[in-house]
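Notes follow the structure.
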Amino acid sequence: MDIQLYNTLTRQKEVFQPLDPQRVTMYVCGPTVYNYAHIGNARPAVVFDTLYRLLQKNFPQVVYARNVTDVDDRINKAAKDQGVPISAITEKYLAVYHADMDALGVLPPGIEPKVTQHIDAIISMIERLIANGHAYEKDGQVLFHVPSFKKYGQLSRRDRDEMIAGARVDVAAYKRDPADFTLWKPSDAEMTGWDSPWGRGRPGWHIECSAMIERSFGIGPIDLHGGGHDLIFPHHENELAQSTCAHNGAQFCRTWMHNGFVNINAEKMSKSLGNVTLVHDLLKLAPGEALRLVLLSAHYRQPLDWTENAVRDARTQLDRLYRALDSLKDVQAIATAAPAAFMAALADDLNTPKALAELHQIANAANKATDPAERARLKGELVAAGWLIGLLQQDPAAWLKGGTDADVDAAAIEALIAERKAARARKDWAESDRIRDELAARGILLEDKAGETTWRVAS
Ligand SMILES: [Zn+2]
């Protein structure tokens, strides 16, 4: 099956063809670990996890690298404010990030390079950029000289005035050109730093990804590079310039992909608006699987509007899907691929809204099917399609007991069911009905089958 992906570089959908059909290479800009991740940070992790899953089903090997920025000025400031080494900050928040992404069903990437472990690779790349005339040193700073790379701006398609304004530069005296950007900067004695040919210092942000991609994949183009839309300029434009120039003009990346922003109740997420929504907090209110479904409910290139209603709707959808799966518990799933229509939706530039609609179609068919062989096939399709978008991998009974109301007290419900069973045993039908009604009023529905009573949360 052909997979079509929208390439930011060419501004069109293209059939995705990896350089080596046996081995896809993919890099996504990961977190800067100095604080809790917000839901906007989670979107690329979930979007590119879904792509990673799709590629794994279509190619023999996919090498996925997602970096960790574990040194930068915000990390330095947090460490200084708290009087601790930067590793105390970065280790804490990387662990939080891993736990949050795990709750969202994000598979760990195959490689997770850290900046602090790649300083030698960064220095080596900067040395080559200086040697071939694309970078220069002034007062302990090393800068990339933008006019030295004629194709600069090809990814973001900005003109020079926009680039200079976008780079937010107050034109420092050490710059040969206002658009030049930092590769290396000096660190004072108190600040984290490493020895380099230009004195003790630390890397600029953009060079880290170029160096870690080179270290992870070698010289020559990677197949895919992803990140949030806000990274196109300057971050990815600069990565493209650095890597191309350090590699004597060799192509850096074949397909660039960018996901849209997450807005909160139709407003841009920002500290000044006080609406920064942390994954860590959302997970106290709703299961990670529901949050993931919300993140996949819009096409990845479109903005996504995060609302309480959207989360509620995702839980209701998952209740329906898990109920369909639960109704198939008497048949063994047949190992099968996801249905063609579902695959076609994902293969069309990761059209997850369409794929989710197809998933509901399978559930609808499962609810109607009576033939055991067909039900076994549909169960296999639900699980296979669910895996591709990172949903429906839990035990349905576990979801249906806790999926809708995080406050459901399972032990208290089981106790009432036991009381009801006792009432029925002594033929006290009035008491049995009273308990059933009491639970119904709390949104818990009982089902009596073959002498056993099971419960689920009403949706
Ligand atoms: Zn990056």
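Here's how to read the names in the structure tokens: chain A, B, ... by the order shown, residue numbers from 1 in each chain, ligand numbers from 1 in the order shown.
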Given 12 Å and only C-alpha atoms and all ligand atoms, residues near ligand 1 as a PyMOL selection string: chain A and resi 27-32+65-69+113-115+204-213+225-240+256+258
What lies within 10 Å of Trp455 of chain A using only C-alpha atoms, ignoring chain neighbours under 6 positions off, as a short mmCIF file (atom, residue, chain, number, x, y, z; two decimals) with C-alpha atoms, in the first residue's frame?
```cif
data_model
loop_
_atom_site.label_atom_id
_atom_site.label_comp_id
_atom_site.auth_asym_id
_atom_site.auth_seq_id
_atom_site.Cartn_x
_atom_site.Cartn_y
_atom_site.Cartn_z
CA ALA A 397 -13.94 -5.09 31.26
CA LEU A 400 -15.84 -0.29 31.19
CA LYS A 401 -15.44 -0.35 34.95
CA ALA A 410 -15.23 -0.46 42.32
CA ILE A 413 -20.03 -1.32 43.83
CA GLU A 414 -18.95 -4.93 44.29
CA ILE A 417 -23.76 -6.28 44.17
CA LEU A 439 -26.51 2.01 41.43
CA ILE A 444 -23.71 2.08 37.19
CA LEU A 445 -25.62 -0.45 35.10
CA LEU A 446 -25.92 -4.11 36.13
CA GLU A 447 -26.21 -7.09 33.83
CA ASP A 448 -27.37 -10.46 35.07
#
```
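The set of residues in segment 51-91 of chain A assigned to helix (DSSP H, G or I) by DSSP, using only backbone atoms of this structure, is Leu51, Tyr52, Arg53, Leu54, Leu55, Gln56, Lys57, Asn58, Asp73, Arg74, Ile75, Asn76, Lys77, Ala78, Ala79, Lys80, Asp81, Gln82, Ile86, Ser87, Ala88, Ile89, Thr90 and Glu91 of chain A.
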Which of A:Gln394, A:Asn41, A:Gln141, A:Gln251 sits closest to Arg200 of chain A [using only C-alpha atoms]: A:Gln141
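Shortest separation to Ala347 of chain A among A:Tyr152, A:Phe144, A:Phe16, A:Tyr322 occurs at residue A:Phe16, atoms counted being only C-alpha atoms.
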Length of the atom CA of Lys175 of chain A to atom CA of Cys253 of chain A vector [Å]: 28.2 Å
Residues near Val71 of chain A, cut-off 12 Å, only C-alpha atoms, skip fewer than 6 positions along chain, as a VMD selection string: chain A and resid 31 to 34 77 to 79 85 to 91 114 to 119 191 to 194 201 to 205 208
Residues at most 7 Å from segment 371-380 of chain A, counting only C-alpha atoms, excluding those fewer than 6 positions away in the same chain, as a PDB file with N, CA and C atoms, in the first residue's frame?
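And here's out16.pdb as it stands now:
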```pdb
ATOM      1  N   LEU A 325     -16.104  -4.512  21.802  1.00  0.00           N
ATOM      2  CA  LEU A 325     -15.059  -5.516  22.024  1.00  0.00           C
ATOM      3  C   LEU A 325     -15.484  -6.495  23.130  1.00  0.00           C
ATOM      4  N   LEU A 328     -17.713  -9.289  22.296  1.00  0.00           N
ATOM      5  CA  LEU A 328     -17.084 -10.375  21.528  1.00  0.00           C
ATOM      6  C   LEU A 328     -16.225 -11.268  22.419  1.00  0.00           C
ATOM      7  N   VAL A 331     -15.624 -15.012  21.756  1.00  0.00           N
ATOM      8  CA  VAL A 331     -14.884 -15.548  20.596  1.00  0.00           C
ATOM      9  C   VAL A 331     -13.413 -15.151  20.664  1.00  0.00           C
ATOM     10  N   GLN A 332     -12.581 -16.011  20.110  1.00  0.00           N
ATOM     11  CA  GLN A 332     -11.142 -15.770  20.044  1.00  0.00           C
ATOM     12  C   GLN A 332     -10.866 -14.911  18.810  1.00  0.00           C
ATOM     13  N   ALA A 333     -10.163 -13.775  18.991  1.00  0.00           N
ATOM     14  CA  ALA A 333      -9.863 -12.913  17.836  1.00  0.00           C
ATOM     15  C   ALA A 333      -9.014 -13.669  16.825  1.00  0.00           C
ATOM     16  N   ILE A 334      -9.328 -13.502  15.548  1.00  0.00           N
ATOM     17  CA  ILE A 334      -8.490 -14.069  14.492  1.00  0.00           C
ATOM     18  C   ILE A 334      -7.368 -13.071  14.223  1.00  0.00           C
ATOM     19  N   ALA A 335      -6.128 -13.554  14.131  1.00  0.00           N
ATOM     20  CA  ALA A 335      -5.011 -12.666  13.802  1.00  0.00           C
ATOM     21  C   ALA A 335      -5.219 -12.162  12.376  1.00  0.00           C
ATOM     22  N   THR A 336      -5.409 -10.879  12.220  1.00  0.00           N
ATOM     23  CA  THR A 336      -5.725 -10.313  10.911  1.00  0.00           C
ATOM     24  C   THR A 336      -5.179  -8.897  10.820  1.00  0.00           C
ATOM     25  N   ILE A 362     -16.323  -0.718  12.195  1.00  0.00           N
ATOM     26  CA  ILE A 362     -16.040  -2.118  12.575  1.00  0.00           C
ATOM     27  C   ILE A 362     -16.842  -2.473  13.829  1.00  0.00           C
TER      28      ILE A 362
END
```
